Every structure is written in C-alpha cells, then in structure tokens.
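Notes for the one structure printed next.
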Amino acid sequence: MAAMVRACMPLRTPPAAASSTATAPAAPSKPRSNARVLVLGGTGRVGGSTATALSKLRPDLNILIGGRNREKGESLASELGEQSEFVKIDTGNAAMLEKALEDVDLVVHTAGPFQREAECAVLRAAISTKTAYIDVCDDMDYSWRAKAFHEEAKAQGVPAITTAGIYPGVSNVMAAELVSAARSEDGEPERLRFFYYTAGSGGAGPTILATSFLLLGEDVIAYNKGEEIKLKPYSGVLNIDFGKGVRKRDVYLLNLPEVKSAHKFLGVPTELLRDKDKVGKLVKEIDPLVRAIDGIVGERVSMRVDLECSNGRNTIGLFSHRKLSVSVGHSTAAFVQAVLEGSTQPGVWFPEEPEGIAIESRKLLLERASQGTTNFVMNKPSWMIETDPKEVILGIYV
C-alpha cells in the first residue's frame with residue numbers, strides 16, 4: 001500500500017520587488033534567541049517528530065509540547081530533557097490558546113488535519129499575542145485563508161509561514177532553488193513539476209490517513225498548456241523514477257497547495273468524503289490495518305522536483321528518506337530555526353516567497369531538512385534519472 005503524489009505547474013514571471021520607500025512594518029516584539037517554542041499537536045506523530053528534531057538542532061531551546069493527552073505529552077517532554085515540558089491546550093478554546101502563547105516566542109501548528117478547517121484560530125492567536133508562527137498545512141483553502149491575514153501579521157510585526165512541512169514546504173524551497181539557478185544562467189523556466197511518493201502511511205499516524213481521504217473529495221485544479229482545468233482526484237496515473245532506493249513508482253492526481261501558492265487559484269471540493277467527523281470515524285476503523293501494512297512496506301518518502309526551461313536546460317532535485325515520520329520533523333524544525341534566525345519578514349508567507357525564507361537562507365534550510373536522507377541532490381541534469389518521455393498534463397498528483 002502506498003500513497004503517491006505528483007504536482008506540476010507552468011511558471012510565471014516573479015513580481016517586482018517592493019519599493020524601498022514603502023512604510024516599514026512594526027518590529028517584532030519578542031526575541032529570537034533563547035527562545036520558547038510551543039509545538040501544538042506535539043503529542044501527535046508530526047508534532048512529536050518536530051519537537052524531537054528541534055531538541056537536537058537547538059538544545060538550548062525551551063520546547064513546550066502542546067496537546068490534550070497529558071500522559072503522552074509528559075512522556076515526550078521527559079524524553080527531551082529538562083528544557084521541555086507539557087502544556088495542556090485545546091486549540092478550539094481561543095482564551096486558552098492566547099494565554100498559552102503569551103510567554104512563547106514561536107508556535108508550530110501541527111494539529112491537523114487542516115482540510116475542512118474553517119478558521120485559522122492558531123494564526124489569529126499568534127498575531128494577537130505577537131508570536132512568530134509556522135504551520136504544516138497541506139490544504140489549499142486553509143493555506144490561503146492563512147495568507148489573508150498577511151497585512152494584519154505585517155502590521156503587528158509577526159513573521160509567519162504557512163505550508164512549512166516536508167511537502168509542501170521543503171519541496172517548495174527545492175523548487176525555488178531550481179528556478180533561481182536556472183534564471184542565473186539566463187534560462188527561462190517553462191514548467192515546474194512536483195512528484196511525491198510515500199510508502200504506506202509514512203508512519204505519520206491517523207492524520208495523514210484523514211488528509212488523504214478528505215483530499216479524495218476535492219477536484220484537482222491543474223494546467224494544460226497554460227489553461228486552468230479541473231480533473232478528477234486520484235486519476236492520471238504516471239510512472240515516475242525517484243532514483244536509488246525507491247526507483248519507479250506510480251503517482252496519481254490530488255489537490256495540494258503548491259500550485260495554488262504560485263498561481264493563486266482555488267479548488268472546488270466535491271461532496272465525497274467532505275464530512276470531517278465521518279472521515280475521522282473511518283480513519284479509526286482502518287488505522288490498525290494501515291499500521292500493520294506500515295510494518296511490512298516501511299515508511300520511505302521521496303520527493304522529486306523537475307524544472308524545464310525554454311533553452312532546453314532541464315534540471316531536477318531529489319530528496320529521499322527511509323522514514324517520513326522522522327524526515328517531517330527535520331523539515332519542520334529547519335523552518336523553525338530559519339524563523340528564529342530572522343530569515344522571515346513580518347507577514348504571512350509561503351516557503352517559496354523570498355520574504356518567507358530569504359534566498360540566502362534556502363541552502364542552509366535544505367541542508368538541515370535533509371539530515372538522514374538516503375538521496376539528496378539539487379540542480380542535476382534531468383537525463384541523470386530515467387523518466388517516462390511522454391507529454392503529460394500539468395497539475396497536482398497523489
């Protein structure tokens with residue numbers, strides 16, 4: 001059993017830089033050194049992995065494990081050491097959330113799934129308390145609701161990044177680096193494609209199952225020769241080579257944020273599996289089976305980003321790790337560290353925006369995120385990996 005993702009998009013010319021005479025935003029009110037970082041959803045697989053990776057990347061950090069399960073939270077905090085502690089938090093309680101953020105420098109929102117979430121409650125609380133923010137959102141609609149808070153965050157001097165996980169997240173930064181390298185050599189990018197592969201559930205827990213089921217209820221927004229089209233989810237199978245350790249895998253269409261973050265279009269969801277409560281019940285029933293399958297197929301994850309240019313310069317980036325449950329922690333922790341180091345400007349940004357992750361900080365972020373990878377290459381000629389040469393539709397695949 002495997003979940004697989006492919007995404008691709010035609011490129012636009014980047015917007016012109018803002019005028020240097022623009023009014024400066026309010027300065028952040030909280031320090032970025034000796035920081036206190038709250039990981040919401042810290043008792044879950046993604047949050048726990050993020051907290052663990054952060055404790056290794058920055059042993060000096062005070063890491064707060066935020067969640068509802070005290071037993072699991074206190075157990076993890078004990079494992080991380082005296083710099084960590086558990087904080088009981090219900091993200092649906094606005095007053096509790098704001099109180100928890102009052103003494104925090106940065107909040108990491110990993111409490112998904114983000115599909116069908118109508119409010120950006122954590123981001124709103126972060127702005128209110130002037131707390132830096134990142135999330136690991138993988139939903140188009142939610143990420144753009146977060147982006148709508150950009151001016152408010154900018155005015156309050158709050159740096160925030162949405163979709164800052166592994167994919168989307170690290171994959172976006174890989175794409176930005178490929179595009180930057182191409183333009184530095186006078187290449188004009190024409191098509192950018194993302195391909196993702198995950199064995200089983202990736203060991204990421206029930207959340208990734210819920211996400212996958214909910215995405216099956218959304219039509220896919222894609223591009224064919226520059227024209228926006230809608231496609232059926234889990235269609236358009238392609239066989240993609242992910243390089244050593246993974247090799248060729250089938251990938252399918254799903255509706256994910258990467259295309260929208262670059263082209264600003266909205267996907268229209270269908271009615272199939274859109275009820276979050278029903279999906280939650282289904283996940284509880286099927287999760288034990290998937291756990292058993294994970295034990296057989298493993299948790300391997302692989303990302304491939306392809307860039308095609310008008311001058312024939314075609315390059316790729318590859319990122320493979322044996323365990324998604326570990327790699328997502330390294331990836332998210334890399335974004336946290338970038339924000340703490342001052343790489344992110346006030347406002348709400350996507351990872352590929354230079355105000356989100358400064359251009360000069362991208363290489364270091366990728367180095368940190370790629371810890372433990374079995375294969376990590378950037379800006380290699382596409383002929384180095386065997387691929388299916390047939391023409392394909394531009395869109396997002398899982």
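Identifiers in this document derive from the order of the structure tokens: chains are assigned A, B, ..., residues are numbered from 1 separately in each chain, and ligands are numbered from 1 in order of occurrence.
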
Taking only residues of region 345-381 of chain A that have an atom at most 12 Å from an atom of region 55-72 of chain A, what is each one's shortest atom pair and its distance in Å to one decimal, using only C-alpha atoms, in chain and number order, as JSON lines?
```
{"residue": "A:Leu365", "atom": "CA", "partner": "A:Leu57", "partner_atom": "CA", "distance": 11.9}
{"residue": "A:Arg368", "atom": "CA", "partner": "A:Leu57", "partner_atom": "CA", "distance": 8.5}
{"residue": "A:Ala369", "atom": "CA", "partner": "A:Leu57", "partner_atom": "CA", "distance": 10.6}
{"residue": "A:Gln371", "atom": "CA", "partner": "A:Leu57", "partner_atom": "CA", "distance": 10.5}
```

Would you save the residues from that selection as a short mmCIF file (atom, residue, chain, number, x, y, z; two decimals), in the first residue's frame, using all heavy atoms?
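Below you can see out.cif, which holds the result:
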```cif
data_model
loop_
_atom_site.label_atom_id
_atom_site.label_comp_id
_atom_site.auth_asym_id
_atom_site.auth_seq_id
_atom_site.Cartn_x
_atom_site.Cartn_y
_atom_site.Cartn_z
N LEU A 365 18.68 25.88 4.95
CA LEU A 365 17.44 25.21 5.33
C LEU A 365 17.38 23.80 4.73
O LEU A 365 17.02 22.83 5.41
CB LEU A 365 16.23 26.02 4.88
CG LEU A 365 14.85 25.44 5.29
CD1 LEU A 365 13.88 26.56 5.61
CD2 LEU A 365 14.26 24.55 4.20
N ARG A 368 19.69 21.39 6.56
CA ARG A 368 19.12 20.95 7.83
C ARG A 368 17.98 19.97 7.62
O ARG A 368 17.86 18.96 8.33
CB ARG A 368 18.62 22.16 8.62
CG ARG A 368 19.74 23.03 9.17
CD ARG A 368 19.22 24.36 9.65
NE ARG A 368 20.24 25.13 10.37
CZ ARG A 368 20.15 26.42 10.64
NH1 ARG A 368 19.06 27.11 10.26
NH2 ARG A 368 21.12 27.04 11.29
N ALA A 369 17.14 20.24 6.65
CA ALA A 369 15.98 19.38 6.39
C ALA A 369 16.39 18.01 5.86
O ALA A 369 15.68 17.03 6.07
CB ALA A 369 15.03 20.07 5.41
N GLN A 371 18.81 16.05 6.69
CA GLN A 371 19.53 15.16 7.61
C GLN A 371 18.98 13.73 7.52
O GLN A 371 17.78 13.52 7.58
CB GLN A 371 19.39 15.66 9.05
CG GLN A 371 20.14 16.93 9.36
CD GLN A 371 20.02 17.27 10.84
OE1 GLN A 371 20.40 16.48 11.70
NE2 GLN A 371 19.50 18.45 11.13
#
```

Skipping near chain neighbours, those fewer than 5 positions away, what residues fall within 8 Å of region 144-150 of chain A using only C-alpha atoms, listed as a VMD selection string? chain A and resid 119 to 120 123 to 124 162 261 347 to 349

When distances are computed from only C-alpha atoms, which of A:Ala51, A:Ala199, A:Leu76, A:Ala121 shows the smallest separation from Thr91 (chain A)? A:Ala121

Taking only C-alpha atoms into account, which of A:Ile316, A:Ile240, A:Pro189, A:Glu177 comes nearest Glu360 (chain A)?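 The answer is A:Glu177, which sits nearest to Glu360 (chain A).
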
Check region 36-229 of chain A with DSSP on the backbone and list each residue it calls strand (DSSP E), as a PyMOL selection string. chain A and resi 36-40+62-67+84-88+106-109+132-135+159-161+189-199+220-224+227-229

Which value, in Å to one decimal, gives the distance between CA of Asn34 (chain A) and CA of Thr50 (chain A)?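 Answer for the CA of Asn34 (chain A) to CA of Thr50 (chain A) separation: 17.9 Å.
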
What's the separation between CA of Leu106 (chain A) and CA of Ser171 (chain A), in Å to one decimal place?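 Value for the CA of Leu106 (chain A)-CA of Ser171 (chain A) distance: 22.5 Å.
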
Please return as a list in words: the residues of region 298-381 of chain A that backbone DSSP assigns to alpha helix (DSSP H).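 Going through region 298-381 of chain A, the alpha helix (DSSP H) residues come out as Leu324, Ser325, Val326, Ser327, Val328, Gly329, His330, Ser331, Thr332, Ala333, Ala334, Phe335, Val336, Gln337, Ala338, Val339, Leu340, Arg362, Lys363, Leu364, Leu365, Leu366, Glu367, Arg368 and Ala369 of chain A.
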
Using only C-alpha atoms, which of the listed residues (A:Ile166, A:Val339, A:Leu178, A:Ala111) sits closest to Asp90 (chain A)?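 Ranking A:Ile166, A:Val339, A:Leu178, A:Ala111 by distance to Asp90 (chain A), first place goes to A:Ala111.
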
Counting only C-alpha atoms, closest pick from A:Ser84, A:Asn375, A:Gln337, A:Thr315 relative to Met303 (chain A) is A:Asn375

Would you please work out which residue, of A:Thr163, A:Thr43, A:Gln156, A:Ser343, is nearest to Ala126 (chain A) when using only C-alpha atoms? A:Gln156

Which residue out of A:Ala118, A:Ile127, A:Ala164, A:Ala132 has the minimum interatomic distance to Gly342 (chain A) when only C-alpha atoms are used?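 The answer is A:Ala132, which sits nearest to Gly342 (chain A).
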
Can you tell me how far CA of Val39 (chain A) sits from CA of Tyr196 (chain A), in Å to one decimal?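 According to the coordinates, CA of Val39 (chain A) and CA of Tyr196 (chain A) are separated by 25.7 Å.
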